[in-house]
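Since the structure comes first, as structure tokens, the remarks are kept for the end.
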Amino acid sequence: MNAVDMNQAAPSFLALFWAGVIAFSILAYVVLDGLDLGVGILFGATRDPDLRGEMMGLIAPFWDGAETWLVVVGASLFAAFPSVYAIFLPAFYLPVLLLLIGLIFRGVAFEFRGRGGPSWLWSGGFWIGSALAAFVQGAAVGAMILGVQVKNGQFAGGPFDWLRPLPILTGIGLMFGYALLGAGWMILKSPTPLRDWAYERAPFLAIGMTLFLLLASLLTVIQAHDVMTRLIQRPWADAFVLVGLAALSGVLRAIAARRDALPFAFTALFFLAAFGFLAAAFWPYMIPYSVTVANAAAPEKSLSFLFWGAGIVVLPVVLIYSIVIHALFRGKLRVAGH
Amino acid sequence: MMELGPLILSRIQFAFVVSFHIIFPSFTIGLAAWLTVLEAMSLATGQPVYRRLFDFWLKVFALAFAMGVVSGIVMAFQFGTNWSALSERTGAIQGPLLGYEAFTAFLLEASFFGIMLFGRERTPRWFYFFSCAMVALGTMASSYWIMCNNSWMQVPLGYSVVEGKIVPEDWKAILLGPVQLIRWPHMLLGAFLTTSLCVAAAGAWNRLRGEAWEESHVMLDWGLGLAAVLIPAQILLGHLAGEIVHKYQPAKFAAIEARWHDEQPASEVLIGWPDARKAENLYAITVPDLGSFIATGTWDSREVGVQSFPAKDRPPVVVPFFAFRIMFGLGVAILALSWTGLVLRTLGGLEQARWFLWLTFVSFPAGFIAVIAGWFTAEVGRQPWVVYGLLRTRDAVTPSLSTPEATTSLIAFILVYALIYGFGVVYFYRLFRDGLTKRMRAASGYDFHAERPL
Ligand code: HDD
Ligand code: HEM
Ligand code: HEM
């Protein structure tokens with residue numbers, strides 16, 4: 001089989017199913033942990049101990065569950081598309097290291113802050129860790145747009161391939177985006193002055209995010225011809241752009257009108273649109289521009305083993321009770337210690 | 001001497017991060033079950049002591065769990081970052097197993113865990129208890145999948161090789177193989193023993209300082225009692241694990257025994273210093289014929305030595321040899337400790353025997369050390385294979401990984417872990433020191449009149 005045939009082989013039902021699960025999990029991670037990371041980033045923007053304490057309280061019950069979506073992404077990739085897992089992680093060796101360290105500091109901060117000792121260290125670790133994690137995730141998106149070098153089923157590039165102008169722009173853009181999600185969450189959840197604090201900052205975050213996305217798009221048009229040709233062949237992808245723009249104006253209007261529930265919802269919609277747009281730009285590649293969904297899939301025996309247990313039992317249950325958990329903590333949260 | 005390249009650096013890094021990780025699961029698997037028991041006792045008897053204990057151990061659990069989760073996330077990415085050739089070749093088998101681990105963790109741990117920590121006031125009591133039980137079940141299920149995966153790497157079963165990739169052929173053999181069915185309970189009991197000893201030690205420490213009499217009584221009872229019941233089973237499972245090694249990994253068995261040459265009947269090296277260059281043991285204390293008996297139950301079986309394997313298939317000897325003896329020695333020590341406790345309790349002098357309370361107190365690390373020693377025996381003894389007999393460790397490492405990258409990550413993990421775990425130890429210490437004291441309980445509003453003298 002030559003490369004062209006390989007790329008045109010149709011993925012099996014199970015391969016599509018798992019690709020869908022992974023796409024969904026990425027999206028769930030981006031929205032759920034994105035808001036946690038965003039709150040973490042904004043934590044660095046104030047020194048007021050009351051605001052800081054409340055910020056942590058607003059995400060404390062959720063961050064662990066949100067982070068598990070990342071583990072689900074990693075594990076489903078390893079399980080269903082081992083060759084993608086084996087290429088992606090070495091290609092992003094240093095960013096993954098930074099991500100892990102960022103998440104470590106973010107995670108222990110919840111337990112360590114307020115136990116005495118150097119609280120500046122855990123506070124600093126909390127917001128720098130969150131910012132770092134957001135940046136490398138955004139950078140990875142930019143690097144994927146530029147493509148990943150692969151030889152014989154293994155990564156064949158250098159350690160700093162991911163650190164180029166476009167990834168830096170997408171990295172900063174995502175930091176703004178997550179911060180906007182975080183501000184939306186505070187507006188949604190906080191009954192206190194923290195809500196007003198977040199209202200004041202949200203418009204700047206929205207503008208910052210838009211600015212960096214525009215710059216990144218410009219660079220993409222110049223540098224990433226593969227993506228552009230595919231997008232031109234798929235005019236329906238423009239629908240995502242329209243939804244994104246509508247969501248963005250929704251965010252700004254909701255902030256102006258002070259409708260507590262809406263800024264978060266519109267920001268989440270914006271992320272959904274951006275994600276759909278990227279999926280349209282990459283399909284059928286999982287590692288651009290060499291490994292497709294069809295040729296990365298694990299053998300059917302592995303996929304179906306996973307399907308009958310994890311796919312049709314665990315996943316629906318997870319979904320149902322993720323909803324239950326959020327319902328349990330629904331509405332404004334009064335954070336103890338505040 | 002091996003040069004300091006990506007391979008050896010990745011091995012050191014993996015051993016380092018996984019050794020730190022396992023400390024927390026081996027504690028939290030038992031703690032989750034312990035909390036469930038406490039909540040059940042509290043529901044059944046209504047005695048406030050169980051609720052006070054629950055609140056205290058929940059704090060310990062929260063701290064341990066957070067550290068277990070962050071170090072576990074690191075593990076989930078190690079296979080891809082540093083062992084991408086392994087991931088690619090065996091992903092069809094290892095991927096689903098680790099995938100199930102993540103899904104189970106997700107299903108039972110992460111979310112019910114939130115209820116355990118934050119949901120007491122927001123949920124009915126039965127549901128709160130149910131959440132505790134689910135977290136406990138989740139930790140055990142996680143360990144099943146992880147052990148399944150590792151047991152498969154130790155003794156690969158139910159696979160076939162298609163176009164250079166190792167793919168599943170028979171999931172039943174992979175999930176319920178004889179190796180897994182012994183190693184998983186051995187690990188689980190290891191975790192329960194670790195927690196039991198910590199619970200007993202916490203009781204002993206408070207009692208020695210004259211604090212929390214009622215609580216320490218309960219903790220000494222449960223901790224020592226559980227250890228006393230579990231340790232014989234653990235030693236039996238250890239014996240069976242040894243038989244498995246003897247059958248499937250003869251080179252590892254020879255390394256554990258520091259047996260360099262074939263012997264019939266085989267002697268047993270109790271202790272000594274294995275010298276790989278001379279292929280003999282220095283300062284050794286040896287018992288004739290015992291080696292055959294341990295291996296097969298007969299006094300004259302022929303046992304194979306390390307030198308009988310081609311040089312490229314020989315595992316290191318020093319680490320498995322000592323690690324095994326540490327684990328075994330601790331197993332015997334735990335037996336002695338817990339049964340002495342049983343005797344003292346029966347005679348009625350447990351709380352008055354200060355020497356014994358001290359002994360119990362200083363035994364808190366025994367479980368952790370035994371668990372890590374057991375893993376070093378199993379994993380170093382498996383070398384030079386990553387998947388025994390199928391894939392060598394040196395062929396498993398990420399091909400694009402450069403020495404500077406691997407050095408950076410290793411140093412970064414060492415620094416970050418030293419910082420985090422250094423403070424973690426301090427916080428654990430404070431929690432245990434102050435958690436059950438009168439001052440602390442007064443501050444959190446406990447009703448002391450409800451407490452009856454023993
Ligand atoms: C799912 C698989 C798995 C599991 C559950 C464990 N390991 Fe492991 N271990 C590996 C999979 C592995 C590995 C990826 O396969 C390594 C890396 C290099 C190698 O040869 O095996 C390894 C290497 C490795 C080494 C280095 C051996 C050497 O290179 O000489 C040590 C000391 C440990 N591990 C210790 C542990 C501990 C303390 C564990 C308890 C949690 C543990 N392992 C669980
Ligand atoms: C090298 C293999 C391992 C990997 C890849 C791994 C991966 C992980 C991950 C990703 C988490 C966090 C899950 C979450 O978000 O809740 C975790 C936690 C956990 N792991 Fe591991 N782990 C490994 C070894 C082990 C072993 C050997 C055991 C025990 C037998 C174990 C038992 C647990 C448990 C019980 C938790 C829950 C957190 C805690 O109790 O501290 N893991 N692991
Ligand atoms: C005292 C008698 C004991 C014997 C004879 C024994 C035997 C063994 C053997 C032969 C192995 C290696 C299995 C392999 O390579 O696959 C092992 C591993 C291990 N042991 Fe033990 N053990 C004993 C006690 C203990 C105790 C007290 C603990 C913990 C509290 C413990 C925890 C472990 C762990 C965590 C492993 C690694 C996982 C595994 O390979 O199953 N052992 N043991």
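By convention in this document, the chains of the structure tokens carry letters A, B, ... by their order, each chain's residues are numbered from 1, and ligands are numbered from 1 in the order they are shown.
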May I ask you to write as a ChimeraX atom specification all residues lying at most 8 Å from ligand 2, with only C-alpha atoms and all ligand atoms counted?
/A:64-65,67-68,71 /B:18,21-22,24-29,64-79,98,101-102,105-106,109-110,138-144,146-147,150,184,187-188,191
Would you list the residues that come within 8 Å of ligand 3? Count only C-alpha atoms and all ligand atoms and give the answer as a ChimeraX atom specification.
/B:147,151,154,179,182-184,186-194,231,234-245,252,324,327-332,334,366-379,381-382
Spatial neighbours of A:Pro159, max dist 12 Å, only C-alpha atoms, sep filter under 2 positions, as a list in words
Leu89, Pro90, Ala91, Phe92, Tyr93, Leu94, Pro95, Val96, Leu97, Val148, Gln149, Phe155, Ala156, Gly157, Asp161, Trp162, Leu163 and Arg164 of chain A; Thr81, Ser400, Leu401, Ser402, Thr403, Pro404, Glu405, Ala406 and Thr408 of chain B
Determine, counting only C-alpha atoms, which protein, DNA and RNA residues have an atom within 12 Å of an atom of B:Ile294; residues of the same chain fewer than 5 positions away are not included. Present the result as a PyMOL selection string.
chain B and resi 239-240+242-243+246+253+257+265-270+287-289+299-303
Excluding B:Leu31 and any residue of its chain fewer than 2 positions from it, enumerate the residues within 9 Å of it, using only C-alpha atoms, and give them as JSON, numbers by chain.
{"B": [26, 27, 28, 29, 33, 34, 35, 36, 57, 58, 60, 61, 136, 192, 195, 196, 199]}
Contacts of A:Val30 at 10 Å or less, counting only C-alpha atoms, minus same-chain residues fewer than 6 places along, as a PyMOL selection string?
chain A and resi 24+36-37+66-67+69-70+134+137+178+181+268+271-272+275
Could you turn the residues from that selection into a file that holds C-alpha atoms, as a compact mmCIF listing (two decimals), in the first residue's frame?
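To be explicit, this is the file written out as part-v6.txt:
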# COMPACT_ATOMS: atom_id res chain seq x y z
CA PHE A 24 -15.45 14.60 23.02
CA ASP A 36 -10.03 25.76 36.36
CA LEU A 37 -6.82 26.82 34.67
CA ALA A 66 -11.84 17.78 35.19
CA GLU A 67 -8.22 16.70 35.10
CA TRP A 69 -10.63 13.92 31.34
CA LEU A 70 -7.03 14.56 30.36
CA ALA A 134 -2.59 26.70 29.41
CA GLN A 137 -1.72 23.31 25.41
CA TYR A 178 -9.01 29.98 29.47
CA LEU A 181 -13.70 30.88 30.75
CA ALA A 268 -17.92 27.51 26.05
CA PHE A 271 -14.50 26.89 22.31
CA LEU A 272 -16.87 24.38 20.76
CA PHE A 275 -12.67 22.96 18.19
Show which residues sit within 9 Å of A:Val150, as a tab-separated table (two decimals) with C-alpha atoms, in the first residue's frame. Count only C-alpha atoms, and ignore same-chain residues fewer than 6 positions away.
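So the final result, stored in part.tsv, reads:
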chain	number	residue	atom	x	y	z
A	87	ILE	CA	4.28	9.97	18.06
A	156	ALA	CA	11.56	12.36	13.65
A	157	GLY	CA	11.83	16.07	14.46
A	287	ILE	CA	-1.05	13.50	13.43
A	289	TYR	CA	-0.01	15.37	8.00
A	290	SER	CA	0.98	11.72	8.07
A	291	VAL	CA	-1.16	9.56	10.34
Would you mind telling me which residue in A:Val243, A:Leu215, A:Met209, A:Leu98 lies nearest to chain B when using only C-alpha atoms?
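Smallest separation from chain B among the options: A:Leu98.
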In terms of only C-alpha atoms, the residue from A:Leu27, A:Ala261, A:Ala281, A:Val84 at minimal distance from A:Gln154 is A:Val84
From B:Val380, B:Leu175, B:Ala284, B:Val135, residue lying nearest ligand 1 [only C-alpha atoms and all ligand atoms]:
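Smallest separation from ligand 1 among the options: B:Val380.
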Go through stretch 176-425 of chain B and collect every residue that DSSP, computed from the backbone, puts in strand (DSSP E); the answer should be as a ChimeraX atom specification.
/B:268-275,280-287,385-387,391-392
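Taking atom CA of A:Ile320 and atom CA of A:Ser25 as the two end points, the separation is 14.4 Å.
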When you count only C-alpha atoms, which of these residues is closest to chain B: A:Phe160, A:Trp236, A:Phe264, A:Phe277?
A:Phe160
What is the atom CA of A:Ile187-atom CA of A:Trp63 distance in Å, reported with one decimal?
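Computing the Euclidean distance for atom CA of A:Ile187 and atom CA of A:Trp63 yields 17.6 Å.
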